[in-house]
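Below: the structure, in structure tokens.
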Amino acid sequence: MAKYDERRIDVTKFVGIFAIATLIFVIGILIGTAIVSMKESNIKESEDKLRLELIDLEVQQELAQTNPCNNYFLYSLGERLADLGNRLTLLENQLGKTNKDIIELKKPYTLLEVRHYLLIKERVEQCNENYTTILFFYSNKKEQVSESERQGYVLGFLSKKYGSERLKVYSIDGDLDLGIVGALKSNYNISYMPSTVIDDKVFIGFHEKEDLEQYIN
């Protein structure tokens with residue numbers, strides 16, 4: 001009788017442990033699903049906000065063309081463009097560099113970058129200003145992404161060192177299927193990435209900050 005009771009207790013104990021383990025597993029799945037759902041919702045919200053701000057920035061750039069020597073357009077638009085770029089990078093880190101939504105968001109952003117770049121070049125010529133523009137062509141392809149990221153860190157350092165009053169870096173995904181990207185690469189004979197263009201002088205591959213800094217006005 002004692003052995004029977006002991007076996008019964010063991011079975012009851014086993015069932016109890018199994019039930020608790022199952023409950024924990026189910027709760028884990030529910031929590032995981034909720035987190036994923038919240039993350040997807042936040043990402044979608046971020047994408048929608050980015051699209052709206054891209055349109056707003058495009059309209060402001062249209063207005064900037066009427067007065068290229070206005071400091072507001074030089075610094076404010078440049079800073080907003082940089083902020084959008086940082087948020088786009090954050091989304092890219094969450095979703096992955098090859099995510100289709102990220103690639104599609106990059107296209108209007110890149111067009112705005114190029115338009116701002118042309119505005120700045122026009123300003124330098126018309127307003128007689130001492131300003132450095134840098135076009136940074138990078139690639140997320142496996143064989144080039146590491147070198148591109150290293151060069152990006154160097155240019156980020158220079159951007160912070162000199163500030164938006166003296167220097168602006170435009171980071172362009174050289175693999176984007178955009179006519180303007182192809183035209184710029186052709187114009188500067190870019191056949192390898194990363195490549196950096198400082199005031200029309202081209203640097204192919206990775207370069208340390210000391211190599212690039214001497215060409216900053």
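Residue numbers start at 1 in each chain; chains themselves are named A, B, ... in the order of the structure tokens; ligands are numbered from 1 in the order shown.
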
Give me the residues near range 188-190 of chain A as a PyMOL selection string, where near means some atom within 10 Å (using only C-alpha atoms) and where sequence neighbours in that chain fewer than 6 positions away do not count. chain A and resi 137+174+182+196-197+200-204

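Proximity to Leu111 in chain A at 9 Å, evaluated using only C-alpha atoms and with sequence-adjacent residues fewer than 3 positions away removed, yields Lys106, Lys107, Pro108, Val114, Arg115, His116, Leu178, Ile180 and Val181 of chain A.
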
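Of the listed residues A:Lys97, A:Arg87, A:His207, A:Arg80, the one whose atoms come nearest to Lys142 in chain A is A:Lys97, with distances taken using only C-alpha atoms.
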
Write out as a ChimeraX atom specification the residues lying within 10 Å of range 143-160 of chain A, counting only C-alpha atoms and excluding same-chain residues fewer than 2 positions away. /A:134,136-141,162-171,192-196,205-210,212-213,216

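Each of A:Leu184, A:Leu81, A:Leu95, A:Leu119 was checked against Glu62 in chain A using only C-alpha atoms; the smallest atom-to-atom distance is that of A:Leu119.
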
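Put simply, CA of Thr89 in chain A is 25.6 Å away from CA of Tyr131 in chain A.
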